file entry-v3.txt (compact mmCIF, C-alpha atoms)
# COMPACT_ATOMS: atom_id res chain seq x y z
CA ASP J 283 12.55 12.02 -10.92
CA ALA J 284 12.16 8.27 -10.67
CA MET J 285 8.55 7.36 -10.26
CA VAL J 286 5.60 5.04 -10.72
CA ILE J 287 3.09 6.21 -13.32
CA GLN J 288 -0.44 4.97 -13.78
CA ASN J 289 -2.74 5.63 -16.70
CA PRO J 290 -5.42 6.63 -16.92
CA ARG J 291 -6.02 8.33 -13.57
CA TYR J 292 -9.77 7.95 -13.98
CA GLN J 293 -11.50 5.28 -16.02
CA VAL J 294 -15.20 4.83 -16.63
CA THR J 295 -16.34 1.58 -18.20
CA GLN J 296 -19.63 -0.14 -18.77
CA PHE J 297 -20.73 -3.27 -17.00
CA GLY J 298 -19.10 -6.22 -18.77
CA LYS J 299 -16.88 -4.13 -21.08
CA PRO J 300 -13.21 -5.14 -20.83
CA VAL J 301 -10.83 -2.54 -19.49
CA THR J 302 -7.04 -2.31 -19.22
CA LEU J 303 -5.14 -0.25 -16.69
CA SER J 304 -1.50 0.59 -17.20
CA CYS J 305 1.47 1.04 -14.88
CA SER J 306 5.01 2.06 -15.74
CA GLN J 307 8.05 2.74 -13.58
CA THR J 308 11.41 4.41 -13.94
CA LEU J 309 12.77 3.02 -10.65
CA ASN J 310 14.12 -0.14 -12.32
CA HIS J 311 12.50 -2.20 -9.60
CA ASN J 312 12.16 -5.91 -10.26
CA VAL J 313 8.88 -6.46 -8.40
CA MET J 314 5.55 -4.94 -9.50
CA TYR J 315 2.24 -5.25 -7.69
CA TRP J 316 -1.43 -4.61 -8.37
CA TYR J 317 -3.74 -3.75 -5.50
CA GLN J 318 -7.45 -3.04 -5.30
CA GLN J 319 -8.58 -0.56 -2.68
CA LYS J 320 -12.17 0.22 -1.81
CA SER J 321 -13.33 3.06 0.38
CA SER J 322 -12.15 2.88 4.01
CA GLN J 323 -10.41 -0.46 3.40
CA ALA J 324 -6.80 -1.51 3.28
CA PRO J 325 -5.24 -2.16 -0.12
CA LYS J 326 -5.93 -5.73 -1.23
CA LEU J 327 -3.16 -7.44 -3.18
CA LEU J 328 -4.41 -8.98 -6.42
CA PHE J 329 -1.10 -10.30 -7.81
CA HIS J 330 2.52 -9.43 -8.27
CA TYR J 331 5.41 -10.10 -10.61
CA TYR J 332 8.82 -10.97 -9.24
CA ASP J 333 10.89 -10.34 -12.35
CA LYS J 334 8.96 -12.36 -14.95
CA ASP J 335 7.38 -14.72 -12.44
CA PHE J 336 3.67 -14.14 -11.94
CA ASN J 337 2.22 -14.67 -8.45
CA ASN J 338 -1.54 -14.71 -8.13
CA GLU J 339 -3.31 -14.33 -4.79
CA ALA J 340 -5.59 -17.26 -4.01
CA ASP J 341 -8.68 -15.10 -3.68
CA THR J 342 -8.17 -12.97 -6.80
CA PRO J 343 -11.10 -13.57 -9.18
CA ASP J 344 -10.35 -15.02 -12.62
CA ASN J 345 -11.87 -11.85 -14.04
CA PHE J 346 -8.58 -10.11 -13.22
CA GLN J 347 -5.51 -10.79 -15.34
CA SER J 348 -2.12 -9.16 -15.63
CA ARG J 349 0.71 -8.83 -18.12
CA ARG J 350 4.26 -7.63 -17.71
CA PRO J 351 5.83 -7.30 -21.17
CA ASN J 352 9.08 -5.82 -19.80
CA THR J 353 10.67 -4.57 -16.59
CA SER J 354 9.11 -1.12 -16.83
CA PHE J 355 5.49 -1.89 -17.68
CA CYS J 356 2.68 -3.86 -16.12
CA PHE J 357 -0.98 -4.05 -17.12
CA LEU J 358 -4.14 -5.00 -15.28
CA ASP J 359 -6.92 -6.43 -17.43
CA ILE J 360 -10.45 -6.73 -16.11
CA ARG J 361 -12.23 -9.00 -18.55
CA SER J 362 -15.84 -8.36 -17.56
CA PRO J 363 -16.11 -5.60 -14.98
CA GLY J 364 -18.96 -5.82 -12.52
CA LEU J 365 -20.35 -3.10 -10.30
CA GLY J 366 -18.37 -4.60 -7.42
CA ASP J 367 -15.12 -3.96 -9.25
CA ALA J 368 -15.47 -0.21 -8.91
CA ALA J 369 -12.47 0.79 -6.80
CA MET J 370 -9.08 2.48 -6.78
CA TYR J 371 -6.47 0.30 -8.46
CA LEU J 372 -2.97 0.82 -7.19
CA CYS J 373 0.28 -0.22 -8.80
CA ALA J 374 3.36 -0.50 -6.60
CA THR J 375 6.98 -1.44 -7.18
CA SER J 376 9.84 -2.61 -5.01
CA ARG J 377 13.41 -3.78 -5.25
CA GLU J 378 13.47 -7.38 -4.12
CA GLY J 379 10.17 -7.05 -2.30
CA VAL J 380 11.26 -4.68 0.43
CA GLU J 381 9.94 -1.10 0.52
CA GLN J 382 7.00 -0.69 -1.85
CA TYR J 383 6.33 2.57 -3.67
CA PHE J 384 2.87 3.27 -4.99
CA GLY J 385 1.74 5.05 -8.11
CA PRO J 386 -1.06 7.62 -7.95
CA GLY J 387 -3.76 5.03 -8.67
CA THR J 388 -6.54 4.66 -11.22
CA ARG J 389 -10.08 5.32 -10.04
CA LEU J 390 -12.37 2.87 -11.88
CA THR J 391 -16.08 3.54 -12.20
CA VAL J 392 -18.39 0.88 -13.61
CA THR J 393 -21.74 2.04 -14.99
CA GLN N 177 -7.04 -13.41 14.11
CA LYS N 178 -5.99 -10.57 11.82
CA GLU N 179 -2.32 -10.59 10.93
CA VAL N 180 -1.85 -6.85 11.36
CA GLU N 181 -4.13 -4.90 13.66
CA GLN N 182 -4.58 -1.17 14.06
CA ASN N 183 -7.13 0.90 15.90
CA SER N 184 -9.29 2.30 13.11
CA GLY N 185 -9.91 5.54 14.99
CA PRO N 186 -10.71 8.20 14.31
CA LEU N 187 -7.90 9.56 16.45
CA SER N 188 -8.22 13.24 17.17
CA VAL N 189 -5.16 15.20 18.34
CA PRO N 190 -4.77 18.95 18.91
CA GLU N 191 -2.31 20.83 16.73
CA GLY N 192 1.17 20.85 18.20
CA ALA N 193 0.65 17.71 20.28
CA ILE N 194 2.18 14.26 19.77
CA ALA N 195 0.10 11.79 17.77
CA SER N 196 0.73 8.14 18.65
CA LEU N 197 -0.33 5.41 16.25
CA ASN N 198 -0.07 1.76 17.17
CA CYS N 199 0.08 -1.53 15.33
CA THR N 200 0.41 -5.17 16.40
CA TYR N 201 1.26 -8.13 14.22
CA SER N 202 0.91 -11.86 14.59
CA ASP N 203 3.85 -13.34 12.63
CA ARG N 204 6.76 -13.50 15.06
CA GLY N 205 9.15 -14.06 12.15
CA SER N 206 8.38 -10.69 10.54
CA GLN N 207 11.48 -8.58 9.98
CA SER N 208 10.37 -5.46 8.09
CA PHE N 209 7.78 -2.89 9.08
CA PHE N 210 6.41 0.10 7.22
CA TRP N 211 4.20 3.10 7.80
CA TYR N 212 2.26 4.62 4.93
CA ARG N 213 0.30 7.85 4.94
CA GLN N 214 -2.78 8.05 2.74
CA TYR N 215 -4.70 11.23 2.13
CA SER N 216 -8.34 10.88 1.13
CA GLY N 217 -8.60 9.93 -2.54
CA LYS N 218 -4.82 9.55 -2.94
CA SER N 219 -2.46 6.61 -2.98
CA PRO N 220 -0.40 5.44 0.02
CA GLU N 221 2.93 7.20 0.55
CA LEU N 222 5.78 5.46 2.35
CA ILE N 223 6.89 7.65 5.25
CA MET N 224 8.87 5.35 7.52
CA PHE N 225 10.33 1.86 7.62
CA ILE N 226 12.06 0.06 10.46
CA TYR N 227 13.85 -3.26 10.62
CA SER N 228 15.56 -3.28 14.03
CA ASN N 229 14.26 -3.10 17.57
CA GLY N 230 14.23 0.40 19.02
CA ASP N 231 13.50 3.83 17.64
CA LYS N 232 14.09 5.35 14.24
CA GLU N 233 13.65 9.09 13.81
CA ASP N 234 13.09 11.10 10.64
CA GLY N 235 12.17 14.72 11.18
CA ARG N 236 8.93 14.89 13.16
CA PHE N 237 8.33 11.16 12.75
CA THR N 238 9.61 8.38 15.01
CA ALA N 239 8.97 4.71 14.37
CA GLN N 240 9.31 2.34 17.31
CA LEU N 241 9.66 -1.42 17.06
CA ASN N 242 9.43 -4.03 19.79
CA LYS N 243 9.71 -7.49 18.25
CA ALA N 244 9.29 -9.28 21.59
CA SER N 245 5.89 -7.66 22.04
CA GLN N 246 5.15 -7.77 18.28
CA TYR N 247 4.36 -4.10 18.36
CA VAL N 248 5.27 -1.21 16.10
CA SER N 249 4.26 2.41 16.57
CA LEU N 250 4.54 5.76 14.84
CA LEU N 251 4.89 9.00 16.76
CA ILE N 252 4.29 12.33 15.06
CA ARG N 253 5.67 15.28 17.02
CA ASP N 254 4.36 18.83 16.68
CA SER N 255 1.30 17.58 14.79
CA GLN N 256 0.08 19.78 11.96
CA PRO N 257 -3.33 19.88 10.24
CA SER N 258 -1.54 18.59 7.13
CA ASP N 259 -0.82 15.36 9.05
CA SER N 260 -4.54 14.57 8.98
CA ALA N 261 -4.75 11.36 6.96
CA THR N 262 -5.13 7.61 7.29
CA TYR N 263 -1.96 5.85 8.44
CA LEU N 264 -1.44 2.29 7.27
CA CYS N 265 0.85 -0.10 9.08
CA ALA N 266 2.35 -2.81 6.86
CA VAL N 267 4.42 -5.86 7.71
CA ALA N 268 6.50 -7.85 5.25
CA ILE N 269 5.61 -11.52 5.03
CA GLN N 270 8.66 -13.60 5.83
CA GLY N 271 10.03 -15.33 2.75
CA ALA N 272 7.71 -13.55 0.35
CA GLN N 273 7.79 -10.27 -1.52
CA LYS N 274 4.48 -9.15 -0.06
CA LEU N 275 3.14 -6.84 2.60
CA VAL N 276 0.21 -7.37 4.92
CA PHE N 277 -1.59 -4.11 5.64
CA GLY N 278 -3.54 -3.14 8.69
CA GLN N 279 -6.92 -1.49 8.25
CA GLY N 280 -5.42 1.93 8.89
CA THR N 281 -5.94 4.56 11.58
CA ARG N 282 -7.67 7.76 10.58
CA LEU N 283 -5.91 10.69 12.24
CA THR N 284 -7.38 14.17 12.53
CA ILE N 285 -5.28 17.10 13.76
CA ASN N 286 -7.47 19.85 15.14
CA PRO N 287 -6.23 23.46 14.76
call {"tool": "encode", "arguments": {"input": "entry-v3.txt", "output": "structure tokens"}}
result
Amino acid sequence: DAMVIQNPRYQVTQFGKPVTLSCSQTLNHNVMYWYQQKSSQAPKLLFHYYDKDFNNEADTPDNFQSRRPNTSFCFLDIRSPGLGDAAMYLCATSREGVEQYFGPGTRLTVT
Amino acid sequence: QKEVEQNSGPLSVPEGAIASLNCTYSDRGSQSFFWYRQYSGKSPELIMFIYSNGDKEDGRFTAQLNKASQYVSLLIRDSQPSDSATYLCAVAIQGAQKLVFGQGTRLTINP
């Protein structure tokens, strides 16, 4: 089945220790998104790739970076995680930016 | 003014009744509208999308769109306890490959 896969599903990191979250997709969608979602809040878009073009949201902290080495993979790097970065991180994909399909998410804990 | 507004609930509906979830949006140029279901601790799941004025039915779900009133709704017929979740309304930003999410409505179906 075509799907969006995120690894790991749960990640624990220490304050200030860099962490990388991974997303892969078999849908062959050209747009990939990273969202941050905290409890009882709507998903907050951090950035997205339209093909190879990177689009950063104006309010995304510099602490968050992303890489998309090919169509299927996208990574979220958090350079120096703070306690406030503890959240669910969601990857989503779409074809041409229409319907978005989410992966299962990575729950990040910062100690 | 928020771009996409939903009543946060909680909305409590007896089993077997019709659950009605509402959403308003501010961008009159919006063309694409989505409903996502999110169970606690899980990622959002796309359950309906609608692009044209009127009703769109899929099983027990009906999405309704009224562009003149800038209003989109989701009806769930014969509500089941398994429908208990948070429902997120999302609207595509015109000219961009992004969605704006409402805060979500928490729905509880009481047996």
call {"tool": "interface_residues", "arguments": {"input": "entry-v3.txt", "of": "chain N", "to": "chain J", "cutoff": "8 Å", "atoms": "all atoms listed in the file", "output": "list in words"}}
result
Ser208, Phe210, Lys218, Ser219, Pro220, Glu221, Leu222, Phe225, Leu264, Ala268, Ala272, Gln273, Lys274, Phe277, Gly278, Gln279 and Gly280 of chain N
call {"tool": "closest_residue", "arguments": {"input": "entry-v3.txt", "among": "N:Arg213, N:Lys232, N:Arg204, N:Lys243", "to": "N:Asp259", "atoms": "all atoms listed in the file"}}
result
N:Arg213
call {"tool": "atom_distance", "arguments": {"input": "entry-v3.txt", "atom1": "atom CA of N:Tyr215", "atom2": "atom CA of N:Ile285"}}
result
13.0 Å
call {"tool": "residues_near_point", "arguments": {"input": "entry-v3.txt", "point": "(13.2, -8.8, 13.0)", "cutoff": "8 Å", "atoms": "only C-alpha atoms", "output": "PDB file with C-alpha atoms, in the coordinates of the input"}}
result
ATOM      1  CA  GLY N 205       9.150 -14.060  12.150  1.00  0.00           C
ATOM      2  CA  SER N 206       8.380 -10.690  10.540  1.00  0.00           C
ATOM      3  CA  GLN N 207      11.480  -8.580   9.980  1.00  0.00           C
ATOM      4  CA  SER N 208      10.370  -5.460   8.090  1.00  0.00           C
ATOM      5  CA  TYR N 227      13.850  -3.260  10.620  1.00  0.00           C
ATOM      6  CA  SER N 228      15.560  -3.280  14.030  1.00  0.00           C
ATOM      7  CA  ASN N 229      14.260  -3.100  17.570  1.00  0.00           C
ATOM      8  CA  LYS N 243       9.710  -7.490  18.250  1.00  0.00           C
TER       9      LYS N 243
END
call {"tool": "axis_aligned_box", "arguments": {"input": "entry-v3.txt", "around": "stretch 204-215 of chain N", "padding_each_side": "4 Å", "output": "lines of an AutoDock Vina configuration file"}}
result
center_x = 3.4
center_y = -1.4
center_z = 8.6
size_x = 24.2
size_y = 33.3
size_z = 20.9
call {"tool": "residues_around", "arguments": {"input": "entry-v3.txt", "residues": "N:Cys199", "least_positions_apart": "2", "cutoff": "8 Å", "atoms": "all atoms listed in the file", "output": "ChimeraX atom specification"}}
result
/N:180-183,197,201,247-249,265,278
call {"tool": "residues_around", "arguments": {"input": "entry-v3.txt", "residues": "J:Pro300", "least_positions_apart": "2", "cutoff": "9 Å", "atoms": "all atoms listed in the file", "output": "JSON, numbers by chain"}}
result
{"J": [295, 296, 297, 298, 302, 359, 360, 361, 362, 363]}
call {"tool": "atom_distance", "arguments": {"input": "entry-v3.txt", "atom1": "atom CA of N:Tyr212", "atom2": "atom CA of N:Pro257"}}
result
17.1 Å
call {"tool": "closest_residue", "arguments": {"input": "entry-v3.txt", "among": "J:Ala368, J:Tyr317, J:Pro351, J:Thr308", "to": "J:Asn338", "atoms": "all atoms listed in the file"}}
result
J:Tyr317
call {"tool": "atom_distance", "arguments": {"input": "entry-v3.txt", "atom1": "atom CA of J:Ser306", "atom2": "atom CA of J:Tyr292"}}
result
16.0 Å
call {"tool": "closest_residue", "arguments": {"input": "entry-v3.txt", "among": "N:Gln246, N:Gln256, N:Asp203, N:Gly217", "to": "J:Ala369", "atoms": "only C-alpha atoms"}}
result
N:Gly217
call {"tool": "residues_near_point", "arguments": {"input": "entry-v3.txt", "point": "(9.0, 4.6, 14.7)", "cutoff": "8 Å", "atoms": "only C-alpha atoms", "output": "JSON, numbers by chain"}}
result
{"N": [224, 225, 226, 230, 231, 232, 233, 237, 238, 239, 240, 241, 248, 249, 250, 251]}
call {"tool": "closest_residue", "arguments": {"input": "entry-v3.txt", "among": "J:Ser304, J:Ser348, J:Gln318, J:Thr391", "to": "J:Ile287", "atoms": "all atoms listed in the file"}}
result
J:Ser304
call {"tool": "build_atoms", "arguments": {"input": "entry-v3.txt", "residues": "stretch 315-340 of chain J", "atoms": "N, CA and C atoms", "output": "PDB file, in the frame of the given file"}}
result
ATOM      1  N   TYR J 315       3.433  -4.772  -8.371  1.00  0.00           N
ATOM      2  CA  TYR J 315       2.240  -5.250  -7.690  1.00  0.00           C
ATOM      3  C   TYR J 315       1.001  -4.524  -8.221  1.00  0.00           C
ATOM      4  N   TRP J 316      -0.128  -5.235  -8.153  1.00  0.00           N
ATOM      5  CA  TRP J 316      -1.430  -4.610  -8.370  1.00  0.00           C
ATOM      6  C   TRP J 316      -2.289  -4.838  -7.130  1.00  0.00           C
ATOM      7  N   TYR J 317      -2.847  -3.714  -6.636  1.00  0.00           N
ATOM      8  CA  TYR J 317      -3.740  -3.750  -5.500  1.00  0.00           C
ATOM      9  C   TYR J 317      -5.090  -3.171  -5.908  1.00  0.00           C
ATOM     10  N   GLN J 318      -6.122  -3.640  -5.218  1.00  0.00           N
ATOM     11  CA  GLN J 318      -7.450  -3.040  -5.300  1.00  0.00           C
ATOM     12  C   GLN J 318      -7.750  -2.431  -3.935  1.00  0.00           C
ATOM     13  N   GLN J 319      -8.228  -1.187  -3.952  1.00  0.00           N
ATOM     14  CA  GLN J 319      -8.580  -0.560  -2.680  1.00  0.00           C
ATOM     15  C   GLN J 319      -9.967   0.056  -2.785  1.00  0.00           C
ATOM     16  N   LYS J 320     -10.842  -0.371  -1.900  1.00  0.00           N
ATOM     17  CA  LYS J 320     -12.170   0.220  -1.810  1.00  0.00           C
ATOM     18  C   LYS J 320     -12.229   1.163  -0.615  1.00  0.00           C
ATOM     19  N   SER J 321     -13.233   1.990  -0.615  1.00  0.00           N
ATOM     20  CA  SER J 321     -13.330   3.060   0.380  1.00  0.00           C
ATOM     21  C   SER J 321     -13.214   2.526   1.796  1.00  0.00           C
ATOM     22  N   SER J 322     -12.353   3.184   2.585  1.00  0.00           N
ATOM     23  CA  SER J 322     -12.150   2.880   4.010  1.00  0.00           C
ATOM     24  C   SER J 322     -11.616   1.464   4.250  1.00  0.00           C
ATOM     25  N   GLN J 323     -11.010   0.870   3.230  1.00  0.00           N
ATOM     26  CA  GLN J 323     -10.410  -0.460   3.400  1.00  0.00           C
ATOM     27  C   GLN J 323      -8.926  -0.401   3.097  1.00  0.00           C
ATOM     28  N   ALA J 324      -8.210  -1.389   3.587  1.00  0.00           N
ATOM     29  CA  ALA J 324      -6.800  -1.510   3.280  1.00  0.00           C
ATOM     30  C   ALA J 324      -6.622  -1.942   1.825  1.00  0.00           C
ATOM     31  N   PRO J 325      -5.498  -1.625   1.217  1.00  0.00           N
ATOM     32  CA  PRO J 325      -5.240  -2.160  -0.120  1.00  0.00           C
ATOM     33  C   PRO J 325      -5.239  -3.680  -0.095  1.00  0.00           C
ATOM     34  N   LYS J 326      -5.836  -4.266  -1.121  1.00  0.00           N
ATOM     35  CA  LYS J 326      -5.930  -5.730  -1.230  1.00  0.00           C
ATOM     36  C   LYS J 326      -5.067  -6.167  -2.401  1.00  0.00           C
ATOM     37  N   LEU J 327      -4.062  -6.989  -2.130  1.00  0.00           N
ATOM     38  CA  LEU J 327      -3.160  -7.440  -3.180  1.00  0.00           C
ATOM     39  C   LEU J 327      -3.889  -8.400  -4.119  1.00  0.00           C
ATOM     40  N   LEU J 328      -3.813  -8.100  -5.417  1.00  0.00           N
ATOM     41  CA  LEU J 328      -4.410  -8.980  -6.420  1.00  0.00           C
ATOM     42  C   LEU J 328      -3.371  -9.983  -6.930  1.00  0.00           C
ATOM     43  N   PHE J 329      -2.215  -9.471  -7.346  1.00  0.00           N
ATOM     44  CA  PHE J 329      -1.100 -10.300  -7.810  1.00  0.00           C
ATOM     45  C   PHE J 329       0.163  -9.455  -7.872  1.00  0.00           C
ATOM     46  N   HIS J 330       1.279 -10.158  -8.066  1.00  0.00           N
ATOM     47  CA  HIS J 330       2.520  -9.430  -8.270  1.00  0.00           C
ATOM     48  C   HIS J 330       3.447 -10.231  -9.177  1.00  0.00           C
ATOM     49  N   TYR J 331       4.364  -9.504  -9.790  1.00  0.00           N
ATOM     50  CA  TYR J 331       5.410 -10.100 -10.610  1.00  0.00           C
ATOM     51  C   TYR J 331       6.735  -9.932  -9.892  1.00  0.00           C
ATOM     52  N   TYR J 332       7.425 -11.026  -9.702  1.00  0.00           N
ATOM     53  CA  TYR J 332       8.820 -10.970  -9.240  1.00  0.00           C
ATOM     54  C   TYR J 332       9.657 -11.264 -10.481  1.00  0.00           C
ATOM     55  N   ASP J 333      10.284 -10.250 -11.013  1.00  0.00           N
ATOM     56  CA  ASP J 333      10.890 -10.340 -12.350  1.00  0.00           C
ATOM     57  C   ASP J 333       9.798 -10.772 -13.328  1.00  0.00           C
ATOM     58  N   LYS J 334       9.982 -11.909 -13.999  1.00  0.00           N
ATOM     59  CA  LYS J 334       8.960 -12.360 -14.950  1.00  0.00           C
ATOM     60  C   LYS J 334       7.975 -13.349 -14.334  1.00  0.00           C
ATOM     61  N   ASP J 335       8.221 -13.715 -13.091  1.00  0.00           N
ATOM     62  CA  ASP J 335       7.380 -14.720 -12.440  1.00  0.00           C
ATOM     63  C   ASP J 335       6.104 -14.096 -11.903  1.00  0.00           C
ATOM     64  N   PHE J 336       4.978 -14.638 -12.340  1.00  0.00           N
ATOM     65  CA  PHE J 336       3.670 -14.140 -11.940  1.00  0.00           C
ATOM     66  C   PHE J 336       3.206 -14.870 -10.690  1.00  0.00           C
ATOM     67  N   ASN J 337       2.703 -14.102  -9.707  1.00  0.00           N
ATOM     68  CA  ASN J 337       2.220 -14.670  -8.450  1.00  0.00           C
ATOM     69  C   ASN J 337       0.813 -14.160  -8.194  1.00  0.00           C
ATOM     70  N   ASN J 338      -0.133 -15.067  -8.296  1.00  0.00           N
ATOM     71  CA  ASN J 338      -1.540 -14.710  -8.130  1.00  0.00           C
ATOM     72  C   ASN J 338      -1.957 -14.960  -6.681  1.00  0.00           C
ATOM     73  N   GLU J 339      -2.760 -14.069  -6.121  1.00  0.00           N
ATOM     74  CA  GLU J 339      -3.310 -14.330  -4.790  1.00  0.00           C
ATOM     75  C   GLU J 339      -4.459 -15.328  -4.926  1.00  0.00           C
ATOM     76  N   ALA J 340      -4.618 -16.166  -3.931  1.00  0.00           N
ATOM     77  CA  ALA J 340      -5.590 -17.260  -4.010  1.00  0.00           C
ATOM     78  C   ALA J 340      -7.018 -16.756  -4.182  1.00  0.00           C
TER      79      ALA J 340
END
